Structures are given as C-alpha cells and as structure tokens.
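**Q** You'll find run39.txt just under this line, and it carries compact mmCIF, C-alpha atoms.
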```
# COMPACT_ATOMS: atom_id res chain seq x y z
CA MET A 1 55.76 74.87 69.13
CA ILE A 2 53.55 75.81 66.29
CA ASP A 3 50.75 78.18 67.06
CA SER A 4 49.07 78.06 63.69
CA LEU A 5 48.03 74.46 63.21
CA PHE A 6 44.69 75.51 61.72
CA GLN A 7 45.41 79.04 60.56
CA GLY A 8 47.27 79.80 57.36
CA LYS A 9 47.89 83.02 55.45
CA ARG A 10 44.61 82.97 53.57
CA VAL A 11 42.49 80.13 54.94
CA THR A 12 41.73 78.21 58.10
CA LEU A 13 41.03 74.51 58.55
CA ALA A 14 37.73 74.56 60.43
CA ALA A 15 35.04 72.16 61.51
CA LEU A 16 32.44 71.22 58.96
CA ASP A 17 29.07 72.77 59.82
CA LEU A 18 26.79 70.56 57.77
CA ASP A 19 23.59 72.52 58.44
CA ALA A 20 25.03 75.55 56.69
CA ASP A 21 27.77 74.04 54.51
CA ALA A 22 25.60 71.46 52.74
CA GLU A 23 23.94 74.19 50.64
CA VAL A 24 27.31 75.39 49.33
CA ILE A 25 28.67 71.88 48.71
CA SER A 26 25.47 70.96 46.87
CA ARG A 27 26.11 73.87 44.47
CA TRP A 28 29.65 72.58 43.81
CA THR A 29 28.32 69.15 42.84
CA HIS A 30 26.31 70.73 40.04
CA ASP A 31 29.60 71.55 38.31
CA PRO A 32 30.97 68.39 36.63
CA GLU A 33 34.46 69.90 36.57
CA PHE A 34 34.50 69.86 40.37
CA LEU A 35 33.54 66.19 40.49
CA HIS A 36 35.89 65.21 37.68
CA LEU A 37 38.87 66.67 39.51
CA THR A 38 38.57 64.40 42.53
CA GLU A 39 36.03 61.62 41.93
CA THR A 40 36.16 58.55 39.75
CA GLU A 41 32.46 57.87 40.17
CA PRO A 42 30.13 59.19 37.46
CA ALA A 43 29.30 62.85 38.11
CA ARG A 44 26.01 63.24 39.93
CA PRO A 45 24.53 66.44 41.39
CA LEU A 46 23.63 66.10 45.07
CA SER A 47 20.92 67.95 46.96
CA PRO A 48 21.84 69.54 50.31
CA GLY A 49 20.10 66.59 52.00
CA GLN A 50 22.16 64.08 50.02
CA VAL A 51 25.33 66.01 50.87
CA ARG A 52 24.45 65.85 54.58
CA LYS A 53 23.96 62.12 54.29
CA LYS A 54 27.24 61.63 52.43
CA LEU A 55 29.26 63.77 54.84
CA GLN A 56 27.70 62.53 58.07
CA PRO A 57 30.16 62.25 60.96
CA GLY A 58 30.47 58.46 60.57
CA ASP A 59 32.03 59.07 57.14
CA THR A 60 34.14 62.10 57.95
CA GLU A 61 35.34 61.74 61.53
CA GLY A 62 37.03 58.98 63.47
CA SER A 63 40.46 57.71 64.33
CA SER A 64 41.26 56.93 60.69
CA ARG A 65 39.76 59.98 58.97
CA PHE A 66 39.87 63.72 59.44
CA THR A 67 37.77 66.15 57.42
CA PHE A 68 38.11 69.93 57.54
CA ALA A 69 36.20 72.78 56.01
CA VAL A 70 38.55 75.21 54.26
CA ARG A 71 37.35 78.78 55.01
CA THR A 72 38.79 82.11 53.92
CA LEU A 73 40.34 84.24 56.66
CA GLU A 74 38.98 87.31 54.89
CA ASP A 75 35.26 86.54 55.06
CA ASP A 76 34.91 83.05 56.58
CA ARG A 77 33.58 81.72 53.30
CA LEU A 78 33.63 77.94 52.66
CA VAL A 79 35.91 77.37 49.63
CA GLY A 80 36.79 73.70 49.91
CA LEU A 81 37.23 70.48 51.85
CA ALA A 82 40.53 69.08 53.11
CA ARG A 83 40.79 65.47 54.24
CA LEU A 84 43.15 62.84 55.53
CA MET A 85 41.71 59.37 54.99
CA TRP A 86 42.61 55.75 55.62
CA VAL A 87 45.09 56.68 58.33
CA ASP A 88 47.16 53.54 58.94
CA TRP A 89 48.65 54.08 62.39
CA SER A 90 50.98 51.11 62.53
CA ASN A 91 52.65 52.12 59.27
CA GLY A 92 52.27 55.89 59.69
CA THR A 93 50.55 56.57 56.39
CA ALA A 94 47.41 58.33 55.14
CA TRP A 95 45.77 59.48 51.93
CA LEU A 96 45.26 63.18 51.39
CA LYS A 97 42.44 64.78 49.45
CA LEU A 98 41.92 68.46 48.82
CA GLU A 99 38.91 69.85 46.97
CA VAL A 100 38.28 73.48 46.08
CA GLY A 101 34.65 74.03 45.16
CA THR A 102 34.62 76.51 42.30
CA SER A 103 36.95 77.23 39.40
CA GLU A 104 37.16 80.89 40.51
CA ASP A 105 38.66 79.80 43.82
CA ARG A 106 41.19 77.38 42.31
CA GLY A 107 44.75 78.53 41.79
CA ARG A 108 44.28 81.64 43.93
CA GLY A 109 46.46 80.46 46.76
CA TYR A 110 43.65 79.00 48.85
CA ASP A 111 44.55 75.49 47.71
CA ALA A 112 48.29 75.88 48.35
CA ASP A 113 47.60 77.36 51.76
CA ALA A 114 45.13 74.61 52.69
CA LEU A 115 47.59 71.96 51.50
CA ASP A 116 50.33 73.45 53.72
CA LEU A 117 48.01 73.32 56.72
CA LEU A 118 46.87 69.79 55.99
CA LEU A 119 50.48 68.59 55.66
CA GLY A 120 51.35 70.32 58.93
CA TYR A 121 48.45 68.48 60.54
CA ALA A 122 49.54 65.15 59.04
CA PHE A 123 53.17 65.43 60.09
CA LEU A 124 53.11 67.50 63.28
CA GLU A 125 49.81 66.47 64.83
CA LEU A 126 49.19 62.94 63.56
CA ASN A 127 52.96 62.27 63.42
CA LEU A 128 52.65 60.35 60.17
CA PHE A 129 55.60 59.08 58.17
CA ARG A 130 54.20 59.77 54.70
CA VAL A 131 51.09 60.85 52.82
CA THR A 132 49.78 59.83 49.41
CA SER A 133 47.53 61.73 47.03
CA VAL A 134 45.66 60.51 43.96
CA VAL A 135 45.50 62.77 40.89
CA PHE A 136 44.18 62.34 37.40
CA GLU A 137 46.49 62.95 34.46
CA TYR A 138 44.36 65.85 33.20
CA SER A 139 44.35 67.73 36.53
CA ILE A 140 47.29 69.93 35.63
CA GLY A 141 46.56 72.40 38.43
CA ALA A 142 46.55 69.67 41.08
CA ILE A 143 49.79 68.17 39.75
CA HIS A 144 51.53 71.57 39.93
CA LEU A 145 50.18 72.11 43.42
CA LEU A 146 51.49 68.78 44.71
CA GLU A 147 54.86 69.22 43.02
CA SER A 148 55.23 72.69 44.53
CA ALA A 149 54.60 71.18 47.96
CA GLY A 150 57.41 68.68 47.39
CA PHE A 151 55.41 65.59 46.38
CA ALA A 152 56.98 63.12 43.96
CA CYS A 153 55.00 61.19 41.35
CA GLU A 154 55.49 57.60 42.47
CA ALA A 155 53.14 55.55 40.32
CA ARG A 156 51.22 55.89 37.08
CA LEU A 157 48.25 53.55 36.74
CA ARG A 158 47.92 53.44 33.00
CA GLU A 159 44.57 54.12 31.28
CA SER A 160 42.65 53.88 34.56
CA ILE A 161 39.79 56.26 33.80
CA ILE A 162 37.76 57.40 30.81
CA ARG A 163 36.78 61.05 30.65
CA SER A 164 35.71 63.10 27.63
CA GLY A 165 35.92 60.01 25.47
CA ARG A 166 39.52 59.07 26.10
CA ARG A 167 41.55 57.16 28.64
CA TRP A 168 43.76 58.87 31.19
CA ASP A 169 46.32 57.65 33.69
CA VAL A 170 45.76 57.92 37.43
CA LEU A 171 48.84 59.26 39.21
CA LEU A 172 49.88 58.58 42.78
CA PHE A 173 51.95 61.27 44.47
CA GLY A 174 53.78 60.74 47.74
CA LEU A 175 55.54 62.94 50.26
CA ILE A 176 57.76 61.57 53.03
CA ARG A 177 58.09 63.40 56.31
CA THR A 178 61.82 64.07 55.94
CA GLU A 179 61.27 65.59 52.49
CA TRP A 180 58.55 67.81 53.88
CA GLU A 181 60.76 68.96 56.77
CA LYS A 182 63.55 69.83 54.34
CA GLY A 183 61.21 71.83 52.09
CA ARG A 184 59.78 73.59 55.11
CA GLY A 185 63.23 74.53 56.37
CA LYS A 186 63.96 76.10 53.00
CA ALA A 187 60.67 78.00 53.01
CA GLU A 188 61.38 79.38 56.47
CA ALA A 189 64.94 80.33 55.58
CA ALA A 190 63.62 82.26 52.58
CA GLN A 191 61.30 84.35 54.72
CA MET B 1 40.24 28.27 25.13
CA THR B 2 37.92 25.40 25.79
CA ARG B 3 38.16 25.13 29.57
CA PRO B 4 35.08 26.43 31.30
CA LEU B 5 35.31 29.72 33.17
CA PHE B 6 36.68 29.37 36.74
CA GLN B 7 38.47 26.12 35.91
CA GLY B 8 42.27 26.17 35.77
CA VAL B 9 44.69 23.29 35.42
CA LEU B 10 45.44 22.94 39.15
CA ILE B 11 42.62 24.84 40.83
CA ARG B 12 39.14 26.18 40.37
CA LEU B 13 37.62 29.41 41.58
CA ALA B 14 34.60 28.47 43.70
CA ALA B 15 31.97 30.24 45.76
CA VAL B 16 32.83 31.52 49.20
CA ASN B 17 31.17 29.21 51.70
CA ALA B 18 30.97 30.46 55.29
CA GLU B 19 30.16 26.99 56.59
CA THR B 20 33.23 25.22 55.24
CA GLN B 21 35.68 28.10 55.04
CA ALA B 22 35.75 29.59 58.53
CA ASP B 23 38.06 27.02 60.14
CA ALA B 24 40.65 27.27 57.39
CA ALA B 25 40.59 31.09 57.37
CA ALA B 26 40.96 31.19 61.16
CA ARG B 27 43.94 28.85 60.93
CA TRP B 28 45.55 31.06 58.24
CA SER B 29 45.05 34.13 60.47
CA ARG B 30 47.33 32.50 63.07
CA ASP B 31 50.22 32.50 60.56
CA PRO B 32 51.88 35.92 60.95
CA GLU B 33 53.97 35.52 57.81
CA TYR B 34 50.84 34.95 55.75
CA SER B 35 49.16 37.96 57.39
CA ARG B 36 52.07 40.22 56.63
CA LEU B 37 52.25 39.16 53.02
CA LEU B 38 48.52 39.70 52.70
CA ASP B 39 47.95 43.25 53.94
CA SER B 40 49.41 46.14 55.89
CA ASP B 41 47.24 45.71 58.99
CA PRO B 42 48.83 44.41 62.16
CA ALA B 43 48.71 40.60 62.14
CA ARG B 44 45.90 39.38 64.38
CA PRO B 45 44.49 35.90 65.00
CA VAL B 46 40.75 35.75 64.33
CA PRO B 47 38.50 33.00 65.74
CA ALA B 48 36.53 30.84 63.32
CA SER B 49 33.22 32.09 64.73
CA ARG B 50 34.14 35.64 63.77
CA VAL B 51 35.30 34.65 60.28
CA LYS B 52 32.04 32.79 59.80
CA ALA B 53 29.94 35.75 60.97
CA ASP B 54 31.89 38.09 58.66
CA LEU B 55 31.51 35.76 55.69
CA GLU B 56 27.79 35.37 56.36
CA LYS B 57 27.39 39.13 56.43
CA GLN B 58 28.98 39.47 52.99
CA GLU B 59 26.27 40.30 50.52
CA ILE B 60 26.29 39.75 46.80
CA LYS B 61 27.78 43.00 45.56
CA ASN B 62 27.70 44.76 42.25
CA ASP B 63 31.23 46.10 42.55
CA GLY B 64 33.08 43.03 43.71
CA TYR B 65 33.44 39.27 43.30
CA SER B 66 34.88 36.96 45.96
CA PHE B 67 36.07 33.44 45.32
CA SER B 68 37.62 30.63 47.25
CA ILE B 69 40.46 28.75 45.59
CA ARG B 70 40.12 24.96 45.64
CA THR B 71 42.43 22.31 44.24
CA LEU B 72 41.08 20.20 41.37
CA THR B 73 42.67 17.14 42.95
CA GLY B 74 41.07 16.54 46.36
CA ASP B 75 38.95 19.70 46.31
CA GLN B 76 41.02 21.21 49.11
CA LEU B 77 40.38 24.83 50.09
CA ILE B 78 43.75 26.59 49.81
CA GLY B 79 43.05 30.31 49.55
CA PHE B 80 40.87 33.16 48.38
CA LEU B 81 40.74 35.60 45.49
CA ASP B 82 38.82 38.90 45.32
CA LEU B 83 38.14 41.26 42.46
CA ASP B 84 36.75 44.35 44.14
CA GLY B 85 36.39 48.10 43.85
CA ILE B 86 35.11 47.60 40.32
CA GLN B 87 34.57 50.92 38.58
CA TRP B 88 32.20 49.94 35.82
CA SER B 89 32.21 53.27 33.98
CA HIS B 90 36.01 53.12 33.68
CA GLY B 91 36.39 49.36 33.33
CA ASN B 92 38.86 48.67 36.09
CA ALA B 93 39.11 46.61 39.26
CA HIS B 94 41.47 45.74 42.08
CA LEU B 95 42.66 42.17 42.62
CA ALA B 96 43.70 40.51 45.89
CA ILE B 97 44.79 36.90 46.38
CA GLY B 98 46.01 34.82 49.30
CA ILE B 99 47.14 31.21 49.43
CA GLY B 100 46.72 30.32 53.09
CA GLU B 101 48.05 26.76 52.88
CA ARG B 102 51.73 27.52 53.03
CA GLU B 103 52.94 24.05 52.13
CA LEU B 104 51.46 24.76 48.71
CA TRP B 105 53.39 28.00 48.15
CA GLY B 106 55.62 28.07 45.09
CA LYS B 107 53.86 25.17 43.37
CA GLY B 108 51.94 27.08 40.71
CA TYR B 109 48.56 27.27 42.44
CA GLY B 110 48.65 31.06 42.78
CA THR B 111 49.69 31.50 39.16
CA ASP B 112 46.87 29.27 38.00
CA ALA B 113 44.32 31.15 40.13
CA MET B 114 45.59 34.49 38.82
CA GLN B 115 45.19 33.31 35.24
CA GLU B 116 41.61 32.27 35.90
CA ALA B 117 40.88 35.57 37.64
CA LEU B 118 42.17 37.49 34.62
CA ARG B 119 40.10 35.38 32.26
CA PHE B 120 37.05 36.21 34.39
CA ALA B 121 37.98 39.92 34.56
CA PHE B 122 38.53 40.36 30.82
CA ASP B 123 36.26 37.73 29.21
CA GLU B 124 33.31 37.83 31.58
CA LEU B 125 33.37 41.28 33.23
CA ASN B 126 34.79 42.92 30.09
CA LEU B 127 37.13 45.13 32.09
CA HIS B 128 39.88 47.26 30.57
CA ARG B 129 42.48 46.85 33.29
CA VAL B 130 43.21 45.17 36.63
CA THR B 131 45.32 46.71 39.39
CA LEU B 132 47.01 45.15 42.40
CA THR B 133 49.43 46.12 45.14
CA VAL B 134 52.22 43.98 46.54
CA PHE B 135 54.87 44.60 49.16
CA GLU B 136 58.58 44.93 48.43
CA TYR B 137 59.32 42.06 50.84
CA ASN B 138 57.20 39.63 48.82
CA PRO B 139 59.32 38.95 45.71
CA ARG B 140 57.69 35.55 45.14
CA ALA B 141 54.33 37.25 44.60
CA VAL B 142 55.89 39.86 42.31
CA ARG B 143 57.30 37.07 40.14
CA THR B 144 53.91 35.36 40.00
CA TYR B 145 52.18 38.58 38.94
CA GLU B 146 54.82 39.25 36.28
CA LYS B 147 54.43 35.70 35.01
CA VAL B 148 50.73 36.26 34.28
CA GLY B 149 51.41 39.62 32.58
CA PHE B 150 51.29 42.35 35.24
CA ARG B 151 53.77 45.21 34.93
CA GLU B 152 55.11 47.39 37.69
CA GLU B 153 53.56 50.86 37.42
CA GLY B 154 55.30 52.49 40.34
CA ARG B 155 55.93 52.23 44.06
CA LEU B 156 54.83 54.17 47.10
CA ARG B 157 58.19 54.68 48.74
CA GLN B 158 58.65 53.39 52.29
CA HIS B 159 54.92 52.84 52.68
CA LEU B 160 55.25 49.98 55.19
CA ASN B 161 56.96 49.57 58.51
CA ARG B 162 57.89 45.98 59.25
CA ASP B 163 60.58 44.70 61.60
CA GLY B 164 62.00 48.15 62.16
CA ARG B 165 62.51 49.19 58.58
CA ARG B 166 60.51 50.73 55.80
CA TRP B 167 59.47 48.95 52.62
CA ASP B 168 57.87 50.12 49.38
CA MET B 169 54.37 49.22 48.28
CA ILE B 170 54.48 48.26 44.60
CA TYR B 171 51.62 48.99 42.20
CA MET B 172 51.15 46.62 39.29
CA GLY B 173 48.66 46.70 36.44
CA ILE B 174 47.65 44.73 33.36
CA LEU B 175 45.68 46.08 30.41
CA ARG B 176 43.26 44.02 28.37
CA SER B 177 45.49 44.39 25.30
CA GLU B 178 48.47 43.00 27.23
CA TRP B 179 46.45 40.08 28.52
CA GLU B 180 45.20 39.31 25.01
CA ALA B 181 48.76 39.30 23.72
CA GLU B 182 49.84 37.00 26.60
CA SER B 183 47.03 34.52 26.16
CA SER B 184 46.98 34.25 22.38
```
Just give me the structure as structure tokens.

**A**
Amino acid sequence: MIDSLFQGKRVTLAALDLDADAEVISRWTHDPEFLHLTETEPARPLSPGQVRKKLQPGDTEGSSRFTFAVRTLEDDRLVGLARLMWVDWSNGTAWLKLEVGTSEDRGRGYDADALDLLLGYAFLELNLFRVTSVVFEYSIGAIHLLESAGFACEARLRESIIRSGRRWDVLLFGLIRTEWEKGRGKAEAAQ
Amino acid sequence: MTRPLFQGVLIRLAAVNAETQADAAARWSRDPEYSRLLDSDPARPVPASRVKADLEKQEIKNDGYSFSIRTLTGDQLIGFLDLDGIQWSHGNAHLAIGIGERELWGKGYGTDAMQEALRFAFDELNLHRVTLTVFEYNPRAVRTYEKVGFREEGRLRQHLNRDGRRWDMIYMGILRSEWEAESS
C-alpha cells in the first residue's frame, strides 16, 4: 500500500480553499508568462472574485475532474494547481494539467514532485490506463519535466498557436501505465 | 470556384433543424457501429425527444458552427458536421463529421461535405488550420480525410478500449497553405 498519495518530498496535493487561494491565483494571472504556459485563450488578468467564479466546484470537482492545490511542505504555501480533467472511465484516460504560479517557483522541484503525485493519483487511485498532457512548443521547462517523468511526445499539431508574433506547434505528450510502473520501479531501485 | 458556399456536388451544408432532425439522429444513435466510429463515449441509444430538446437548447455560438448534411438530390438528411472549439486569436478549429445513413457510406458524401467544410473554414472564417481526431479502427475515415488534404500529425497510443483491445487515437491537421495548394 502507498501511504503517501498526497504527500511528496516537497509538496502536498491539498484541497483548494478558494476563500484564501483566490487572492494568490489572481496575482498569478497578472503575469502573462503564467497564462501563456498553460492557456491558449488570450491572457487576461482575473480579480479574486473572477478566480472564485472560474474555479467554482462545478468546474473543478466531479467524477470526471479532479483539482488539487499544490502546497509546500515547508510552509504550506500555495505554489500551483494540479488537475486531471476529462476523465474517460470506459477507456481509462484523462488529461493532466500542472500549473506553477510564479517563475521563481518553477524548476525548483515543486513541479516534478507535484507531477509525481498527480501521476500516482491517476494510476493508483483512479486506476487509469494512460494520461495525456498538452504543451506548447516554447515551454521548454514543461517539455523537460514531462520527458523526465517518462512521457513520450505523441503528436505535434503544427502551427496551432500564435505567440510573440510567430506560430508555434502544440505538442501532445502521453504516458501509459506500464511505462510509468517501469520508470517507478527504476526510481525505487535507485534509492 | 463559382459554387456558392455550403453547396457541394453531392450534398449541401444546411442549418441544424431540431424539428426535422431529431428522428434521424435518434435512429443513428441505435447503430452501435456508427456510435463507436463517432466518439469514445459508450454507445447509448437516445430517444428523439431528448435529441430534440438538446438541439433546441443549442444556442448560436461564437466559437462553433453546426451543420446538417443534406443530399442535393432528394434533400435527404444524412449526417452532421461541426466546426467547434474555434480559437479566433490563433485561427484554428476542430472538425467533427458523422454520416448516420450507413447505406450511403463510401459513396463520396463525406468527402464532399469535408471539402465544403474546409472551404467554409478557410474562405469564410479565415482560419489558419483545422484539426480532427479519428480512431485507428476507422481506416475509411482516415482515407477520406487524407483525400481532402489532412495529414497525420501523431497518435495518442492505445487511447481507446474497444472489444477488449486498445487502439490509437489519430490526430490529423490541415493548414491553410496546404488547402490552397490542394484546391488550386
């Protein structure tokens, strides 16, 4: 049995507490880099009230979507959001989305740790067969992160988005349960 | 091209009409093969009353266009075609098509409808690209999409579970420049 479904080495997957968290998430949306890493919609700053509306339980919870707050173990600070969306139970698939709010918190191990936890949740709790993640060609950090976790780039939708005046591909990364188990076995053996 | 928009050689793209369409769509939903070719949801028969209510609820949207496909000869309703998820700032959209009347499969109706949809997407909506997904077990559709200029851009491995085995979901895309080269 695993005893650490929600607790990693540096972060936990926790419930979203919109009353308090909306202030922090609102600050993130004032940074276009944050929005450009995970959204295709035009960047638009959101007030705490708008964030609450966007992340209301109807949009974040349910049998086909799971949203977690990513908080540091050290000081319980909200650093990101981790989600599994569009869970398709009959086929055993879901789409995974991980957002880290500020550039200072990216690439510091929080994201890798949160991704590990989210994959554990997808494969050991939801018992899914595979997960898919969407990344933009310019998100080098996200591509490295997914590759380190064992994801393979499966599709390249050519010239799908325009950012900074040029067109970029949208990449679809996938990870199959058996691949994840193999990678996990290796990681455990190395410890 | 002198043909009016929406008008192909075998079919035309027409408005979705809840009144006249519900019975046909309900009948199509009782065909499990059609359902499985169409999407990844479990096949499920839907009564005409429900189809009608759903169609009536559909509002005119800014990010999607829904059409019914009707034959030019006899004006028979044979399927539907949607361009949805339009991202205006990036110029792309997702296309979905279904020919519910199975005795008309493989006779060029789908190809004709796809060509009209692309003309609408590129000449009227001024999009840059169109995306679609198709299942590995639907090679006839793949051939149709290739015929009108779509290229395979990758596949989500083993994304579907049908009849006890896994199948890929194939992504295909066409750029405006490719469509222009095809249609010139």

**Q** What is the atom CA of B:Val9-atom CA of B:Asp123 distance in Å, reported with one decimal?

**A**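 Spanning atom CA of B:Val9 to atom CA of B:Asp123 is a straight-line distance of 17.8 Å.
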
**Q** Name all residues at most 6 Å from stretch 89-105 of chain B (count all atoms listed in the file; drop same-chain ones fewer than 3 positions away) and give them as a count of residues only.

**A** 18

**Q** Within 12 Å of (53.9, 35.5, 63.6), only C-alpha atoms: residues as a list in words?

**A**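 Every polymer residue passing the test: Trp28, Ser29, Arg30, Asp31, Pro32, Glu33, Tyr34, Ser35, Arg36, Leu37, Pro42, Ala43, Arg44, Pro45 and Asp163 of chain B.
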
**Q** Put those residues in a file: C-alpha atoms, as a PDB file, keeping the file's coordinate frame.

**A**
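Output file out.pdb follows:
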```pdb
ATOM      1  CA  TRP B  28      45.550  31.060  58.240  1.00  0.00           C
ATOM      2  CA  SER B  29      45.050  34.130  60.470  1.00  0.00           C
ATOM      3  CA  ARG B  30      47.330  32.500  63.070  1.00  0.00           C
ATOM      4  CA  ASP B  31      50.220  32.500  60.560  1.00  0.00           C
ATOM      5  CA  PRO B  32      51.880  35.920  60.950  1.00  0.00           C
ATOM      6  CA  GLU B  33      53.970  35.520  57.810  1.00  0.00           C
ATOM      7  CA  TYR B  34      50.840  34.950  55.750  1.00  0.00           C
ATOM      8  CA  SER B  35      49.160  37.960  57.390  1.00  0.00           C
ATOM      9  CA  ARG B  36      52.070  40.220  56.630  1.00  0.00           C
ATOM     10  CA  LEU B  37      52.250  39.160  53.020  1.00  0.00           C
ATOM     11  CA  PRO B  42      48.830  44.410  62.160  1.00  0.00           C
ATOM     12  CA  ALA B  43      48.710  40.600  62.140  1.00  0.00           C
ATOM     13  CA  ARG B  44      45.900  39.380  64.380  1.00  0.00           C
ATOM     14  CA  PRO B  45      44.490  35.900  65.000  1.00  0.00           C
ATOM     15  CA  ASP B 163      60.580  44.700  61.600  1.00  0.00           C
TER      16      ASP B 163
END
```

**Q** Set the distance at 8 Å and use only C-alpha atoms: which residues neighbour A:Ala14 once local chain neighbours fewer than 4 positions away are removed? I'd like the list as a ChimeraX atom specification.

**A** /A:6,68-71

**Q** The residues within 6 Å of (23.8, 70.1, 43.3), using only C-alpha atoms and the coordinates of the file, should be reported as a ChimeraX atom specification; which are they?

**A** /A:26-27,29-30,45-47

**Q** Copy stretch 114-123 of chain B out of the block into a file, keeping all heavy atoms, as a short mmCIF file (atom, residue, chain, number, x, y, z; two decimals), in the first residue's frame.

**A**
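The resulting out_4.cif:
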```cif
data_model
loop_
_atom_site.label_atom_id
_atom_site.label_comp_id
_atom_site.auth_asym_id
_atom_site.auth_seq_id
_atom_site.Cartn_x
_atom_site.Cartn_y
_atom_site.Cartn_z
N MET B 114 -16.74 17.29 -46.35
CA MET B 114 -15.47 17.77 -45.79
C MET B 114 -14.91 18.91 -46.64
O MET B 114 -14.39 19.90 -46.12
CB MET B 114 -14.44 16.62 -45.77
CG MET B 114 -14.73 15.55 -44.75
SD MET B 114 -14.54 16.13 -43.06
CE MET B 114 -12.79 16.38 -42.96
N GLN B 115 -15.01 18.75 -47.96
CA GLN B 115 -14.49 19.80 -48.83
C GLN B 115 -15.24 21.12 -48.63
O GLN B 115 -14.63 22.19 -48.58
CB GLN B 115 -14.55 19.36 -50.31
CG GLN B 115 -13.21 18.80 -50.75
CD GLN B 115 -13.30 17.77 -51.86
OE1 GLN B 115 -14.40 17.42 -52.31
NE2 GLN B 115 -12.16 17.30 -52.32
N GLU B 116 -16.54 21.01 -48.45
CA GLU B 116 -17.33 22.24 -48.21
C GLU B 116 -17.00 22.83 -46.85
O GLU B 116 -16.95 24.06 -46.69
CB GLU B 116 -18.83 21.93 -48.33
CG GLU B 116 -19.26 21.65 -49.76
CD GLU B 116 -18.59 22.58 -50.75
OE1 GLU B 116 -18.78 23.82 -50.66
OE2 GLU B 116 -17.83 22.10 -51.62
N ALA B 117 -16.77 21.97 -45.86
CA ALA B 117 -16.42 22.47 -44.52
C ALA B 117 -15.09 23.21 -44.56
O ALA B 117 -14.92 24.26 -43.92
CB ALA B 117 -16.36 21.31 -43.53
N LEU B 118 -14.14 22.70 -45.34
CA LEU B 118 -12.83 23.36 -45.42
C LEU B 118 -12.94 24.69 -46.15
O LEU B 118 -12.30 25.67 -45.79
CB LEU B 118 -11.80 22.44 -46.09
CG LEU B 118 -11.39 21.21 -45.26
CD1 LEU B 118 -10.40 20.34 -46.03
CD2 LEU B 118 -10.78 21.62 -43.93
N ARG B 119 -13.77 24.71 -47.17
CA ARG B 119 -13.97 25.96 -47.90
C ARG B 119 -14.55 27.01 -46.93
O ARG B 119 -14.14 28.17 -46.92
CB ARG B 119 -14.93 25.72 -49.07
CG ARG B 119 -14.91 26.79 -50.13
CD ARG B 119 -15.16 26.19 -51.50
NE ARG B 119 -16.49 25.64 -51.69
CZ ARG B 119 -17.51 26.31 -52.24
NH1 ARG B 119 -17.35 27.57 -52.61
NH2 ARG B 119 -18.68 25.73 -52.41
N PHE B 120 -15.50 26.59 -46.11
CA PHE B 120 -16.10 27.49 -45.12
C PHE B 120 -15.04 27.93 -44.10
O PHE B 120 -14.93 29.11 -43.75
CB PHE B 120 -17.25 26.76 -44.43
CG PHE B 120 -17.90 27.53 -43.32
CD1 PHE B 120 -18.67 28.66 -43.60
CD2 PHE B 120 -17.74 27.14 -42.00
CE1 PHE B 120 -19.27 29.39 -42.57
CE2 PHE B 120 -18.35 27.85 -40.97
CZ PHE B 120 -19.11 28.98 -41.26
N ALA B 121 -14.24 26.97 -43.62
CA ALA B 121 -13.24 27.26 -42.58
C ALA B 121 -12.18 28.26 -43.08
O ALA B 121 -11.79 29.18 -42.36
CB ALA B 121 -12.56 25.98 -42.12
N PHE B 122 -11.73 28.07 -44.33
CA PHE B 122 -10.61 28.88 -44.81
C PHE B 122 -11.07 30.13 -45.56
O PHE B 122 -10.46 31.19 -45.44
CB PHE B 122 -9.68 28.04 -45.70
CG PHE B 122 -8.94 26.98 -44.93
CD1 PHE B 122 -9.05 25.64 -45.26
CD2 PHE B 122 -8.14 27.32 -43.84
CE1 PHE B 122 -8.36 24.66 -44.55
CE2 PHE B 122 -7.45 26.36 -43.12
CZ PHE B 122 -7.56 25.02 -43.47
N ASP B 123 -12.17 30.03 -46.32
CA ASP B 123 -12.61 31.18 -47.13
C ASP B 123 -13.56 32.10 -46.38
O ASP B 123 -13.62 33.30 -46.66
CB ASP B 123 -13.32 30.68 -48.40
CG ASP B 123 -12.35 30.55 -49.56
OD1 ASP B 123 -11.18 30.90 -49.37
OD2 ASP B 123 -12.78 30.10 -50.64
#
```
